[in-house]
Amino acid sequence: MAAIELEGLTKDYGEVLANDGVSFDVDRGEIFGYLGPNGAGKTTTIRTLLGFISPTAGTARLLGHEITDERQLIEAKRNLGYLPDDLAFDDTATGREILDLHASIKGDERSEELLELFDPPLDREIRDYSTGNVQKLGLVTTFMHDPELVILDEPTSGLDPLLQQRFTEFVRGEREAGVTVFFSSHILSEVRRLCDRVGIIRNGRLVTVEPVESLLDRSGKVVRLDASEPISPDDLAIAGVHDIESHAASGSDATTGSESDRDGMAVGESGGAETEYTITFTFTGDVNVLLEQLREYRLHDLSIEEAPLEDVFMRFYGENDSEGESTESDRVAAGTGVGGGDDV
């Protein structure tokens with residue numbers, strides 16, 4: 001039995017179809033990333049799963065319990081941890097008072113371990129917390145009752161790089177212990193480090209569910225070349241090169257634009273006295289093949305970086321939702337949601 005099962009889950013607000021027949025399963029003991037542009041419908045899916053808003057059509061199950069049956073949903077939540085993207089603790093309470101409240105509602109089997117790991121300042125009032133400290137306290141309250149299934153909405157928001165790494169190692173350990181983790185994220189490096197599979201949602205519709213390796217193979221790298229001479233377009237006409245942009249300059253002279261806009265001109269060549277040629281493009285092919293193509297050129301610098309997740313959405317899954325749709329769907333969902341203190 002899957003930990004999460006969605007069957008045609010739909011949420012229609014009239015002018016906005018926030019979720020449109022979304023169907024997929026999350027296996028027990030896996031880390032599943034739920035990805036998409038802002039306003040694509042990720043948070044609507046999560047809040048529907050948790051019973052904060054009711055589906056227009058379709059259904060879902062958490063740990064085998066129907067979300068549309070109140071008694072079954074309550075039973076599922078006994079073994080569920082939830083971290084929302086908009087934690088809303090009582091800002092007049094201290095961190096310790098928040099922990100005591102959560103312990104009284106759902107139990108406390110792991111807070112000592114979690115406090116040592118994430119270290120929120122328990123004796124200060126929430127109003128004096130930084131964003132990162134609020135997130136650290138949220139992680140403690142999410143995992144303190146040792147849940148079987150955890151749903152996380154942008155879990156590393158506000159955490160510094162050290163805490164992000166600590167979180168990554170912790171979640172990997174949870175998976176090894178059999179915990180199922182379902183989380184939404186905009187950070188491709190986070191997805192790379194953690195996920196077994198990913199689901200992509202766009203404009204309320206599920207586009208694909210695939211192993212993370214498949215997504216990463218298709219996402220490519222951003223390559224930047226700094227050369228002392230123009231690079232022939234023929235040497236970049238290899239499998240996996242996309243969206244070439246170039247810049248050539250010496251002193252105040254400069255030429256920018258895409259390779260296709262220069263009517264066969266060598267990349268970076270503008271007819272002037274350029275001495276520095278910079279070319280950037282996205283590359284989804286074999287880096288060794290690319291380096292072989294460029295071995296005759298004198299390169300001042302070469303950098304290869306991970307492509308932004310937003311570029312992956314644009315290249316493989318089409319344009320983002322319009323701003324109006326995104327804003328409206330998030331606003332409607334947020335208005336019916338429940339804050340971070342009420343996840344069980």
# chains A, B, ... in the order shown; residues from 1 in each chain; ligands from 1
$ residues_around --residues "Phe183 in chain A" --least-positions-apart "2" --cutoff "9 Å" --atoms "only C-alpha atoms" --output "PyMOL selection string"
chain A and resi 31-35+150-155+181+185
$ select_by_dssp --residues "range 58-268 of chain A" --states "strand (DSSP E or B)" --output "NGL selection string"
:A and (58-62 or 65-66 or 80-83 or 94 or 125 or 149-153 or 180-184 or 197-202 or 205-211 or 221-227 or 231 or 241-250 or 253-258 or 267)
$ residues_around --residues "Ile279 in chain A" --least-positions-apart "4" --cutoff "6 Å" --atoms "only C-alpha atoms" --output "list in words"
Arg224, Leu225, Glu245 and Ser246 of chain A
$ write_last_selection --atoms "all heavy atoms" --output "PDB file, in the first residue's frame"
ATOM      1  N   ARG A 224      29.591  28.405 -19.216  1.00  0.00           N
ATOM      2  CA  ARG A 224      30.140  29.716 -19.591  1.00  0.00           C
ATOM      3  C   ARG A 224      31.575  29.520 -20.051  1.00  0.00           C
ATOM      4  O   ARG A 224      32.388  28.926 -19.341  1.00  0.00           O
ATOM      5  CB  ARG A 224      30.089  30.695 -18.415  1.00  0.00           C
ATOM      6  CG  ARG A 224      30.747  32.055 -18.725  1.00  0.00           C
ATOM      7  CD  ARG A 224      30.845  32.919 -17.493  1.00  0.00           C
ATOM      8  NE  ARG A 224      31.698  34.074 -17.743  1.00  0.00           N
ATOM      9  CZ  ARG A 224      31.278  35.340 -17.751  1.00  0.00           C
ATOM     10  NH1 ARG A 224      30.001  35.600 -17.524  1.00  0.00           N
ATOM     11  NH2 ARG A 224      32.125  36.321 -17.977  1.00  0.00           N
ATOM     12  N   LEU A 225      31.866  30.044 -21.253  1.00  0.00           N
ATOM     13  CA  LEU A 225      33.206  29.974 -21.818  1.00  0.00           C
ATOM     14  C   LEU A 225      33.745  31.378 -22.000  1.00  0.00           C
ATOM     15  O   LEU A 225      33.068  32.238 -22.574  1.00  0.00           O
ATOM     16  CB  LEU A 225      33.184  29.272 -23.186  1.00  0.00           C
ATOM     17  CG  LEU A 225      32.552  27.883 -23.275  1.00  0.00           C
ATOM     18  CD1 LEU A 225      32.476  27.450 -24.727  1.00  0.00           C
ATOM     19  CD2 LEU A 225      33.333  26.883 -22.451  1.00  0.00           C
ATOM     20  N   GLU A 245      24.068  32.181 -25.949  1.00  0.00           N
ATOM     21  CA  GLU A 245      24.185  33.637 -25.857  1.00  0.00           C
ATOM     22  C   GLU A 245      25.660  33.982 -25.864  1.00  0.00           C
ATOM     23  O   GLU A 245      26.482  33.245 -25.314  1.00  0.00           O
ATOM     24  CB  GLU A 245      23.543  34.161 -24.561  1.00  0.00           C
ATOM     25  CG  GLU A 245      22.053  33.906 -24.446  1.00  0.00           C
ATOM     26  CD  GLU A 245      21.220  34.818 -25.322  1.00  0.00           C
ATOM     27  OE1 GLU A 245      21.768  35.855 -25.755  1.00  0.00           O
ATOM     28  OE2 GLU A 245      20.048  34.500 -25.577  1.00  0.00           O
ATOM     29  N   SER A 246      26.017  35.106 -26.505  1.00  0.00           N
ATOM     30  CA  SER A 246      27.427  35.467 -26.573  1.00  0.00           C
ATOM     31  C   SER A 246      27.626  36.948 -26.328  1.00  0.00           C
ATOM     32  O   SER A 246      26.707  37.762 -26.500  1.00  0.00           O
ATOM     33  CB  SER A 246      28.015  35.083 -27.940  1.00  0.00           C
ATOM     34  OG  SER A 246      27.448  35.904 -28.954  1.00  0.00           O
TER      35      SER A 246
END
$ residues_around --residues "range 238-242 of chain A" --least-positions-apart "5" --cutoff "10 Å" --atoms "only C-alpha atoms" --output "PyMOL selection string"
chain A and resi 218+220-223+233+280-287+289-290+293+315
$ atom_distance --atom1 "CA of Asp25 in chain A" --atom2 "CA of Ile4 in chain A"
5.5 Å
$ atom_distance --atom1 "CA of Tyr13 in chain A" --atom2 "CA of Leu206 in chain A"
17.8 Å
$ closest_atom_pairs --of "range 140-210 of chain A" --to "range 96-115 of chain A" --cutoff "12 Å" --atoms "only C-alpha atoms" --output "CSV"
residue,atom,partner,partner_atom,distance
A:Val140,CA,A:Leu114,CA,5.6
A:Thr141,CA,A:Leu99,CA,6.6
A:Thr142,CA,A:His102,CA,9.3
A:Phe143,CA,A:Arg110,CA,7.3
A:Met144,CA,A:Arg110,CA,4.7
A:His145,CA,A:Asp108,CA,4.8
A:Asp146,CA,A:Glu109,CA,6.4
A:Pro147,CA,A:Glu109,CA,9.9
A:Arg166,CA,A:Leu114,CA,11.1
A:Phe167,CA,A:Leu114,CA,10.6
A:Phe170,CA,A:Leu114,CA,9.6
A:Val171,CA,A:Leu114,CA,11.9
$ write_last_selection --atoms "all heavy atoms" --output "short mmCIF file (atom, residue, chain, number, x, y, z; two decimals), in the first residue's frame"
data_model
loop_
_atom_site.label_atom_id
_atom_site.label_comp_id
_atom_site.auth_asym_id
_atom_site.auth_seq_id
_atom_site.Cartn_x
_atom_site.Cartn_y
_atom_site.Cartn_z
N VAL A 140 11.21 20.85 14.47
CA VAL A 140 11.11 20.07 15.71
C VAL A 140 9.67 19.63 15.92
O VAL A 140 9.39 18.45 16.23
CB VAL A 140 11.62 20.88 16.91
CG1 VAL A 140 11.40 20.10 18.21
CG2 VAL A 140 13.10 21.20 16.74
N THR A 141 8.70 20.55 15.78
CA THR A 141 7.30 20.19 16.01
C THR A 141 6.79 19.20 14.97
O THR A 141 5.89 18.41 15.24
CB THR A 141 6.40 21.44 16.00
OG1 THR A 141 6.48 22.10 14.73
CG2 THR A 141 6.81 22.41 17.10
N THR A 142 7.37 19.22 13.77
CA THR A 142 6.94 18.31 12.70
C THR A 142 7.34 16.87 12.99
O THR A 142 6.57 15.93 12.73
CB THR A 142 7.54 18.76 11.36
OG1 THR A 142 7.07 20.08 11.04
CG2 THR A 142 7.15 17.81 10.24
N PHE A 143 8.52 16.68 13.55
CA PHE A 143 9.06 15.32 13.71
C PHE A 143 9.02 14.82 15.15
O PHE A 143 9.35 13.66 15.40
CB PHE A 143 10.51 15.27 13.21
CG PHE A 143 10.67 15.33 11.72
CD1 PHE A 143 10.84 16.55 11.08
CD2 PHE A 143 10.66 14.18 10.95
CE1 PHE A 143 11.01 16.63 9.71
CE2 PHE A 143 10.81 14.24 9.58
CZ PHE A 143 10.98 15.47 8.95
N MET A 144 8.61 15.63 16.11
CA MET A 144 8.77 15.29 17.52
C MET A 144 7.95 14.07 17.95
O MET A 144 8.32 13.38 18.91
CB MET A 144 8.42 16.49 18.40
CG MET A 144 6.99 16.94 18.33
SD MET A 144 6.70 18.49 19.25
CE MET A 144 6.97 17.98 20.94
N HIS A 145 6.85 13.78 17.28
CA HIS A 145 6.02 12.63 17.66
C HIS A 145 6.35 11.38 16.84
O HIS A 145 5.62 10.40 16.87
CB HIS A 145 4.54 12.98 17.52
CG HIS A 145 4.14 13.43 16.15
ND1 HIS A 145 4.66 14.53 15.54
CD2 HIS A 145 3.23 12.91 15.28
CE1 HIS A 145 4.10 14.69 14.34
NE2 HIS A 145 3.25 13.71 14.16
N ASP A 146 7.48 11.43 16.10
CA ASP A 146 7.98 10.29 15.34
C ASP A 146 6.95 9.79 14.32
O ASP A 146 6.55 8.63 14.33
CB ASP A 146 8.38 9.15 16.28
CG ASP A 146 9.35 8.18 15.62
OD1 ASP A 146 9.99 8.56 14.62
OD2 ASP A 146 9.48 7.04 16.12
N PRO A 147 6.54 10.66 13.37
CA PRO A 147 5.51 10.29 12.42
C PRO A 147 5.99 9.29 11.38
O PRO A 147 7.19 9.19 11.09
CB PRO A 147 5.14 11.62 11.76
CG PRO A 147 6.39 12.44 11.86
CD PRO A 147 7.02 12.05 13.16
N ARG A 166 22.49 19.96 7.46
CA ARG A 166 22.07 19.14 8.60
C ARG A 166 20.68 18.55 8.36
O ARG A 166 20.42 17.38 8.67
CB ARG A 166 22.08 20.01 9.87
CG ARG A 166 21.99 19.24 11.17
CD ARG A 166 22.20 20.17 12.35
NE ARG A 166 23.54 20.76 12.34
CZ ARG A 166 23.92 21.71 13.17
NH1 ARG A 166 23.07 22.20 14.07
NH2 ARG A 166 25.15 22.19 13.12
N PHE A 167 19.78 19.37 7.80
CA PHE A 167 18.44 18.90 7.46
C PHE A 167 18.51 17.77 6.44
O PHE A 167 17.81 16.76 6.56
CB PHE A 167 17.60 20.05 6.93
CG PHE A 167 16.31 19.64 6.30
CD1 PHE A 167 15.20 19.34 7.08
CD2 PHE A 167 16.19 19.55 4.92
CE1 PHE A 167 14.01 18.94 6.50
CE2 PHE A 167 14.99 19.15 4.34
CZ PHE A 167 13.90 18.85 5.13
N PHE A 170 19.59 14.61 8.05
CA PHE A 170 18.53 14.12 8.92
C PHE A 170 17.44 13.41 8.11
O PHE A 170 17.00 12.31 8.46
CB PHE A 170 17.93 15.27 9.70
CG PHE A 170 16.69 14.92 10.47
CD1 PHE A 170 16.75 14.14 11.61
CD2 PHE A 170 15.44 15.37 10.03
CE1 PHE A 170 15.61 13.80 12.31
CE2 PHE A 170 14.30 15.04 10.72
CZ PHE A 170 14.37 14.25 11.86
N VAL A 171 17.01 14.03 7.01
CA VAL A 171 15.94 13.44 6.20
C VAL A 171 16.40 12.13 5.56
O VAL A 171 15.62 11.16 5.47
CB VAL A 171 15.46 14.45 5.13
CG1 VAL A 171 14.52 13.78 4.14
CG2 VAL A 171 14.75 15.62 5.81
#
$ atom_distance --atom1 "CA of Val16 in chain A" --atom2 "CA of His186 in chain A"
22.2 Å
$ closest_residue --among "A:Gly21, A:Gly204, A:Pro37, A:Pro55" --to "Ile187 in chain A" --atoms "only C-alpha atoms"
A:Pro37
$ decode --residues "range 79-209 of chain A" --atoms "C-alpha atoms" --output "PDB file, in the first residue's frame"
ATOM      1  CA  ASN A  79       1.015   9.267  12.160  1.00  0.00           C
ATOM      2  CA  LEU A  80       1.576  12.424  10.117  1.00  0.00           C
ATOM      3  CA  GLY A  81       3.968  15.355  10.471  1.00  0.00           C
ATOM      4  CA  TYR A  82       3.324  18.588   8.568  1.00  0.00           C
ATOM      5  CA  LEU A  83       5.485  21.656   7.997  1.00  0.00           C
ATOM      6  CA  PRO A  84       3.590  24.429   6.143  1.00  0.00           C
ATOM      7  CA  ASP A  85       5.250  27.115   4.062  1.00  0.00           C
ATOM      8  CA  ASP A  86       3.670  29.824   6.248  1.00  0.00           C
ATOM      9  CA  LEU A  87       4.342  28.819   9.849  1.00  0.00           C
ATOM     10  CA  ALA A  88       2.018  30.784  12.126  1.00  0.00           C
ATOM     11  CA  PHE A  89       2.977  30.155  15.739  1.00  0.00           C
ATOM     12  CA  ASP A  90       1.530  32.397  18.463  1.00  0.00           C
ATOM     13  CA  ASP A  91       4.096  35.206  18.534  1.00  0.00           C
ATOM     14  CA  THR A  92       3.478  35.916  22.232  1.00  0.00           C
ATOM     15  CA  ALA A  93       4.434  32.357  23.241  1.00  0.00           C
ATOM     16  CA  THR A  94       7.952  31.114  23.833  1.00  0.00           C
ATOM     17  CA  GLY A  95       9.419  28.278  21.831  1.00  0.00           C
ATOM     18  CA  ARG A  96       9.178  26.044  24.887  1.00  0.00           C
ATOM     19  CA  GLU A  97       5.469  26.813  25.272  1.00  0.00           C
ATOM     20  CA  ILE A  98       4.911  25.924  21.612  1.00  0.00           C
ATOM     21  CA  LEU A  99       6.683  22.598  22.122  1.00  0.00           C
ATOM     22  CA  ASP A 100       4.655  21.845  25.262  1.00  0.00           C
ATOM     23  CA  LEU A 101       1.429  22.539  23.357  1.00  0.00           C
ATOM     24  CA  HIS A 102       2.374  20.205  20.532  1.00  0.00           C
ATOM     25  CA  ALA A 103       3.486  17.527  22.982  1.00  0.00           C
ATOM     26  CA  SER A 104       0.118  17.687  24.737  1.00  0.00           C
ATOM     27  CA  ILE A 105      -1.725  17.223  21.427  1.00  0.00           C
ATOM     28  CA  LYS A 106       0.281  14.593  19.607  1.00  0.00           C
ATOM     29  CA  GLY A 107       2.951  13.283  21.968  1.00  0.00           C
ATOM     30  CA  ASP A 108       6.670  13.780  22.263  1.00  0.00           C
ATOM     31  CA  GLU A 109       9.110  10.993  21.570  1.00  0.00           C
ATOM     32  CA  ARG A 110      11.976  12.835  19.898  1.00  0.00           C
ATOM     33  CA  SER A 111      12.126  16.493  20.910  1.00  0.00           C
ATOM     34  CA  GLU A 112      15.354  16.126  22.894  1.00  0.00           C
ATOM     35  CA  GLU A 113      17.156  14.684  19.876  1.00  0.00           C
ATOM     36  CA  LEU A 114      15.641  17.251  17.505  1.00  0.00           C
ATOM     37  CA  LEU A 115      16.443  20.216  19.730  1.00  0.00           C
ATOM     38  CA  GLU A 116      20.064  19.173  19.830  1.00  0.00           C
ATOM     39  CA  LEU A 117      20.058  18.954  16.037  1.00  0.00           C
ATOM     40  CA  PHE A 118      18.230  22.173  15.106  1.00  0.00           C
ATOM     41  CA  ASP A 119      18.653  24.239  18.309  1.00  0.00           C
ATOM     42  CA  PRO A 120      15.855  26.870  18.228  1.00  0.00           C
ATOM     43  CA  PRO A 121      16.021  29.393  21.139  1.00  0.00           C
ATOM     44  CA  LEU A 122      13.255  27.950  23.327  1.00  0.00           C
ATOM     45  CA  ASP A 123      13.236  30.621  26.027  1.00  0.00           C
ATOM     46  CA  ARG A 124      12.586  33.512  23.630  1.00  0.00           C
ATOM     47  CA  GLU A 125       9.168  34.611  22.405  1.00  0.00           C
ATOM     48  CA  ILE A 126       8.293  33.793  18.813  1.00  0.00           C
ATOM     49  CA  ARG A 127       8.022  37.513  18.029  1.00  0.00           C
ATOM     50  CA  ASP A 128      11.777  37.737  18.594  1.00  0.00           C
ATOM     51  CA  TYR A 129      12.584  34.791  16.336  1.00  0.00           C
ATOM     52  CA  SER A 130      14.310  35.177  12.983  1.00  0.00           C
ATOM     53  CA  THR A 131      12.785  33.400   9.981  1.00  0.00           C
ATOM     54  CA  GLY A 132      15.390  30.676  10.331  1.00  0.00           C
ATOM     55  CA  ASN A 133      14.602  30.121  14.020  1.00  0.00           C
ATOM     56  CA  VAL A 134      10.886  29.833  13.247  1.00  0.00           C
ATOM     57  CA  GLN A 135      11.728  27.202  10.627  1.00  0.00           C
ATOM     58  CA  LYS A 136      13.945  25.292  13.070  1.00  0.00           C
ATOM     59  CA  LEU A 137      11.172  25.204  15.659  1.00  0.00           C
ATOM     60  CA  GLY A 138       8.773  24.075  12.943  1.00  0.00           C
ATOM     61  CA  LEU A 139      11.011  21.156  12.051  1.00  0.00           C
ATOM     62  CA  VAL A 140      11.107  20.069  15.707  1.00  0.00           C
ATOM     63  CA  THR A 141       7.296  20.187  16.011  1.00  0.00           C
ATOM     64  CA  THR A 142       6.942  18.308  12.703  1.00  0.00           C
ATOM     65  CA  PHE A 143       9.059  15.318  13.708  1.00  0.00           C
ATOM     66  CA  MET A 144       8.773  15.287  17.519  1.00  0.00           C
ATOM     67  CA  HIS A 145       6.020  12.630  17.657  1.00  0.00           C
ATOM     68  CA  ASP A 146       7.980  10.290  15.340  1.00  0.00           C
ATOM     69  CA  PRO A 147       5.508  10.290  12.421  1.00  0.00           C
ATOM     70  CA  GLU A 148       5.329   7.611   9.750  1.00  0.00           C
ATOM     71  CA  LEU A 149       4.604  10.133   6.973  1.00  0.00           C
ATOM     72  CA  VAL A 150       5.892  13.713   6.732  1.00  0.00           C
ATOM     73  CA  ILE A 151       4.632  16.446   4.396  1.00  0.00           C
ATOM     74  CA  LEU A 152       6.931  19.449   4.044  1.00  0.00           C
ATOM     75  CA  ASP A 153       6.180  22.649   2.114  1.00  0.00           C
ATOM     76  CA  GLU A 154       9.470  24.454   1.281  1.00  0.00           C
ATOM     77  CA  PRO A 155      11.236  22.940   4.331  1.00  0.00           C
ATOM     78  CA  THR A 156      14.597  24.743   4.106  1.00  0.00           C
ATOM     79  CA  SER A 157      13.210  28.256   3.685  1.00  0.00           C
ATOM     80  CA  GLY A 158      15.192  30.613   5.915  1.00  0.00           C
ATOM     81  CA  LEU A 159      17.793  28.035   6.969  1.00  0.00           C
ATOM     82  CA  ASP A 160      21.474  28.879   6.597  1.00  0.00           C
ATOM     83  CA  PRO A 161      23.674  26.523   4.510  1.00  0.00           C
ATOM     84  CA  LEU A 162      24.919  24.625   7.581  1.00  0.00           C
ATOM     85  CA  LEU A 163      21.383  23.930   8.765  1.00  0.00           C
ATOM     86  CA  GLN A 164      20.315  22.987   5.236  1.00  0.00           C
ATOM     87  CA  GLN A 165      23.050  20.358   5.153  1.00  0.00           C
ATOM     88  CA  ARG A 166      22.068  19.145   8.603  1.00  0.00           C
ATOM     89  CA  PHE A 167      18.438  18.896   7.462  1.00  0.00           C
ATOM     90  CA  THR A 168      19.492  16.906   4.385  1.00  0.00           C
ATOM     91  CA  GLU A 169      21.406  14.388   6.460  1.00  0.00           C
ATOM     92  CA  PHE A 170      18.531  14.117   8.918  1.00  0.00           C
ATOM     93  CA  VAL A 171      15.938  13.442   6.197  1.00  0.00           C
ATOM     94  CA  ARG A 172      18.149  10.798   4.615  1.00  0.00           C
ATOM     95  CA  GLY A 173      18.313   9.096   7.998  1.00  0.00           C
ATOM     96  CA  GLU A 174      14.534   9.247   8.309  1.00  0.00           C
ATOM     97  CA  ARG A 175      14.174   7.514   4.953  1.00  0.00           C
ATOM     98  CA  GLU A 176      16.559   4.782   6.099  1.00  0.00           C
ATOM     99  CA  ALA A 177      14.293   4.322   9.124  1.00  0.00           C
ATOM    100  CA  GLY A 178      11.286   3.816   6.825  1.00  0.00           C
ATOM    101  CA  VAL A 179       9.697   7.283   7.053  1.00  0.00           C
ATOM    102  CA  THR A 180       7.963   8.577   3.916  1.00  0.00           C
ATOM    103  CA  VAL A 181       8.773  12.191   3.049  1.00  0.00           C
ATOM    104  CA  PHE A 182       6.711  14.285   0.628  1.00  0.00           C
ATOM    105  CA  PHE A 183       7.983  17.813   0.049  1.00  0.00           C
ATOM    106  CA  SER A 184       7.652  20.731  -2.290  1.00  0.00           C
ATOM    107  CA  SER A 185      10.708  22.757  -3.240  1.00  0.00           C
ATOM    108  CA  HIS A 186      12.062  25.277  -5.715  1.00  0.00           C
ATOM    109  CA  ILE A 187      15.700  24.328  -5.079  1.00  0.00           C
ATOM    110  CA  LEU A 188      17.136  21.911  -7.632  1.00  0.00           C
ATOM    111  CA  SER A 189      20.219  21.128  -5.542  1.00  0.00           C
ATOM    112  CA  GLU A 190      17.931  20.137  -2.664  1.00  0.00           C
ATOM    113  CA  VAL A 191      15.932  17.909  -4.985  1.00  0.00           C
ATOM    114  CA  ARG A 192      19.142  16.365  -6.305  1.00  0.00           C
ATOM    115  CA  ARG A 193      20.402  15.539  -2.808  1.00  0.00           C
ATOM    116  CA  LEU A 194      17.204  14.103  -1.405  1.00  0.00           C
ATOM    117  CA  CYS A 195      14.613  12.814  -3.836  1.00  0.00           C
ATOM    118  CA  ASP A 196      14.000   9.315  -5.122  1.00  0.00           C
ATOM    119  CA  ARG A 197      11.253  10.500  -7.487  1.00  0.00           C
ATOM    120  CA  VAL A 198       9.668  13.791  -8.446  1.00  0.00           C
ATOM    121  CA  GLY A 199       6.276  14.925  -9.668  1.00  0.00           C
ATOM    122  CA  ILE A 200       6.025  18.081 -11.799  1.00  0.00           C
ATOM    123  CA  ILE A 201       2.831  20.142 -11.675  1.00  0.00           C
ATOM    124  CA  ARG A 202       2.068  23.042 -14.020  1.00  0.00           C
ATOM    125  CA  ASN A 203      -1.094  25.137 -14.200  1.00  0.00           C
ATOM    126  CA  GLY A 204      -2.822  22.680 -11.858  1.00  0.00           C
ATOM    127  CA  ARG A 205      -2.057  19.633 -13.995  1.00  0.00           C
ATOM    128  CA  LEU A 206       0.417  16.871 -13.286  1.00  0.00           C
ATOM    129  CA  VAL A 207       2.939  16.867 -16.127  1.00  0.00           C
ATOM    130  CA  THR A 208       5.126  13.932 -15.169  1.00  0.00           C
ATOM    131  CA  VAL A 209       6.265  11.625 -12.385  1.00  0.00           C
TER     132      VAL A 209
END
